[in-house]
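In what follows, a single structure is set out as structure tokens and then discussed.
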Amino acid sequence: MNPTFLLSLGEFGQKAAARLPLESLPMLLVRHLPAQPEVPVVEALFEESSQALKSLLRKSASRQAQEESSLARLDLIVLADVAELGTGQLVETAQQLSALLLRDFAVIFPPSLPPEQRAVGLVVVLATPAFDGSPACRATLATLRALQQWHLGSPPSPILNRIYVLPAQTETMPLSREDRERAVAHFLLLSYGSELRDSDALRSRLGPPRQPTALLSSFAVAAADLDVAKLQQAFAWRSALSGLSTLVEHCERPLPREQALAIADELRLDSWWEPLAALAHHPDATADPAAHERWLREVDRAESEALQAMRADVERLIGAHLTGSEGLRGLQLLRTSLAVVGERLWTAEQSLLTTFSPELLPDPPDPQEPVGAAAQTPAAASDLTMASATRESAWAILRTLSLALLCGASCGTALMMGWAMALSRSMVTTVAAGPVVSGAVPVDWSAVWAGLLGGAVVAVGYGALGWPKQQRDTTQPSAEESAARQERLRRSQRASADLQVRRRRLHRSIRLLLTAVSERLEVLQVTVIDARERALSQLRQLGAKVGPTPAEDDYRGLIERDAPLHRALLGAEALPGLWERSQSLRDPEIWASELLARSWPSHWQTEDLPFAPGGTWEAQLWEQHRLLREAGVFSWPDVGPQLGESLRTFLASVPRALSFGVRGREADGTPSPLREAHQTLLVVPGDGRALLERVLRDQPLIGAVVLPGAVTSSRLLLLRTSGELELTSVERSLP
């Protein structure tokens, strides 16, 4: 296929060119100029077009070398509505194209060659008012005559081959703007979008005329087709809706709580704390500052490893229950399970708070202060100091009184003993009624022993009163030993505090992680629901109405309304069944899992969520219905009967409407001969030819020449042309 440069002018040209299926014109270069453009805009466009044409010609030459073809040709097309063009714009555009070829491509396309040998040719396709003698018709004829005079007046490079006109009225009916846009697109598609460009039938219709002044031609074209691109888009979104609806059902499906508890048990919470717990009895925990610093680094490392283990376990849990072949069935289960784990962590954290609260910890104690005082708040320490002082004062008074009493008792006992002994050695004379006895009295040892016993009791009492103070004085450690013991106790408490802080921090970190994961799972569910709504919106924009079941879908909005020169190859009633038969994966569950796999990122926690609008997953929807792309409508499954009926209806009514809107008269008043006017070119894909020939046997089409179209095409085209008319003969035919 040779390169083609299409330059559209004005709104009509742009809309008609937009109807061309570009996949059928791989070597087409399209550029657009507004009606009545400014000079810098025109110059910039032609400069850019020159570079684009060079690239296109190189690509064409490379392909021809591979195909061992020596034919090199460049087709030029100018497409416009005469009513939109400014005065002389059509001639100026032709002049710019001609100058471009002379300046940049004269070696490839020598301007000195005769018309039949030129490998470049311009065909101007114009929508015109009706040729009814009106002022608009006269203005159109003036524009056409100016273009003809430019061509005959030695342009920089002679490129004009034909001027094809499509009047707003034909001999049988008026044509709407939509009819003309569609007709122009079908004409260009049949002429340049197939392998028939170099056939005798089209070469004679697109090449230079036998008579240089007979440049004017008219055409009439009809089509029975199907907008496959639009149908593929609708089917793709319908499949997306089906898969996303299945995934939404997975997300909303309730599951037993027992399953959630079983999944929650898979996260071994105690195993995460083991590295930290093992460091609690490490000797460096209460050693000198340097060793303690090493211990702290080990604690930090253990905390980091524990957090990484937590994340890995959570991701592994999610990977096992969410990103596998089960689709999103595990989403609700995971959310419940993570909530259970979060509750367990919260309970454990509250238990830690009851025994240890970092917010209430005092500043580190002074080594010179007693441990009991350091462990209290300042107010409590002051109360304890006052109570201690009171107790010490009471003990001092009691000791003083006790010592005074003991001393008095001891002195009294000693006096009693001395007096008893003195009495035992003295002579006592008693006046009595009997004999008088004189001499020494024996010692009363009972009094002595009583005195000794009383003294012993006093001594024991004194010792009992004095011993506690002595004991306290003898057991009181030295200042250095007390400071060392307090330092060890402080380090032990600080080490325990460090471990407790880290354990609480790990609790909180994992709870925050689980909360983030749960929120992400919730957003994932919302994302799936949003994607489903987007699929519904796309179907509505395309004109499809979704029914309760796929078999009840309504695709009438996708099918263009029948027109006198246009029919649909398939009716809307055939499309729901075709949607089901054309699927690559028909099982809804398998398709839902595949759709999720196509859009699910490999690192779901760090990358974007699936089903983003405009994401790559939308492009992959086409793969579900690739059958529609790999073959034309005549090869689609189970549509043969409906295609046959559509072709019979089309061929029974449409050919009679293929009439022209322009006629010519000779100088003697007789109608001018219209070359090829009675010949109808009928282009059908190869896989539809057998069906077409069966239809033609039942209802023949006189003068039809069947030509093969592209294999993957989904259209049947009918073309009639009236060629080689002179402007003067057309003017004679006007009323």
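For the structure tokens, the naming scheme is as follows: chains receive sequential letters (A, B, ...) according to their order of presentation, residues are indexed from 1 within each chain, and ligands are indexed from 1 in presentation order.
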Name all residues at most 6 Å from segment 170-183 of chain A (count only C-alpha atoms; drop same-chain ones fewer than 2 positions away) and give them as a VMD selection string. chain A and resid 16 168 185 to 186 221 659 to 661
Env of Ser50 of chain A: 8 Å cut, atoms = only C-alpha atoms, seq-sep filter 4 positions within chain, self excluded. Answer as a list in words.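 With the cut-off at 8 Å, the set is Phe46, Lys54, Leu100 and Asp104 of chain A.
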Residue among A:Ala657, A:Ala119, A:Leu585, A:Val528 lying closest to Leu609 of chain A, counting only C-alpha atoms: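 When distances to Leu609 of chain A are compared using only C-alpha atoms, the smallest one comes from A:Val528.
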Could you check how far atom CA of Gly342 of chain A sits from atom CA of Ala306 of chain A, in Å to one decimal?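 Spanning atom CA of Gly342 of chain A to atom CA of Ala306 of chain A is a straight-line distance of 16.7 Å.
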Test item: residues at most 9 Å from Leu6 of chain A, only C-alpha atoms, excluding those fewer than 6 positions along its chain, as number ranges by chain: A: 17, 28-32, 75-79
Residues of the last selection are to be written out with C-alpha atoms, as a compact mmCIF listing (two decimals), in the first residue's frame.
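The resulting file, selection_3.txt, is shown below:
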# COMPACT_ATOMS: atom_id res chain seq x y z
CA ALA A 17 -11.69 12.39 7.92
CA LEU A 28 -2.21 7.61 5.68
CA LEU A 29 -0.94 11.02 6.79
CA VAL A 30 -3.75 13.37 7.86
CA ARG A 31 -3.41 17.10 8.39
CA HIS A 32 -6.06 19.75 8.95
CA ASP A 75 -1.61 9.98 -3.42
CA LEU A 76 -2.72 13.49 -2.43
CA ILE A 77 -6.26 14.26 -1.29
CA VAL A 78 -7.87 17.58 -0.46
CA LEU A 79 -11.20 17.22 1.33
At what distance in Å, to one decimal, does atom CA of Leu569 of chain A lie from atom CA of Val633 of chain A? 8.3 Å
Please provide the set of residues having any atom within 7 Å of segment 503-519 of chain A, restricted to only C-alpha atoms, with same-chain residues fewer than 4 positions apart removed, written as a ChimeraX atom specification. /A:307,310,335,338,342,345,349,499,523
So which one's closest to Glu533 of chain A, A:Leu701, A:Ala240, A:Gly723, A:Arg689? Using only C-alpha atoms, please. A:Ala240
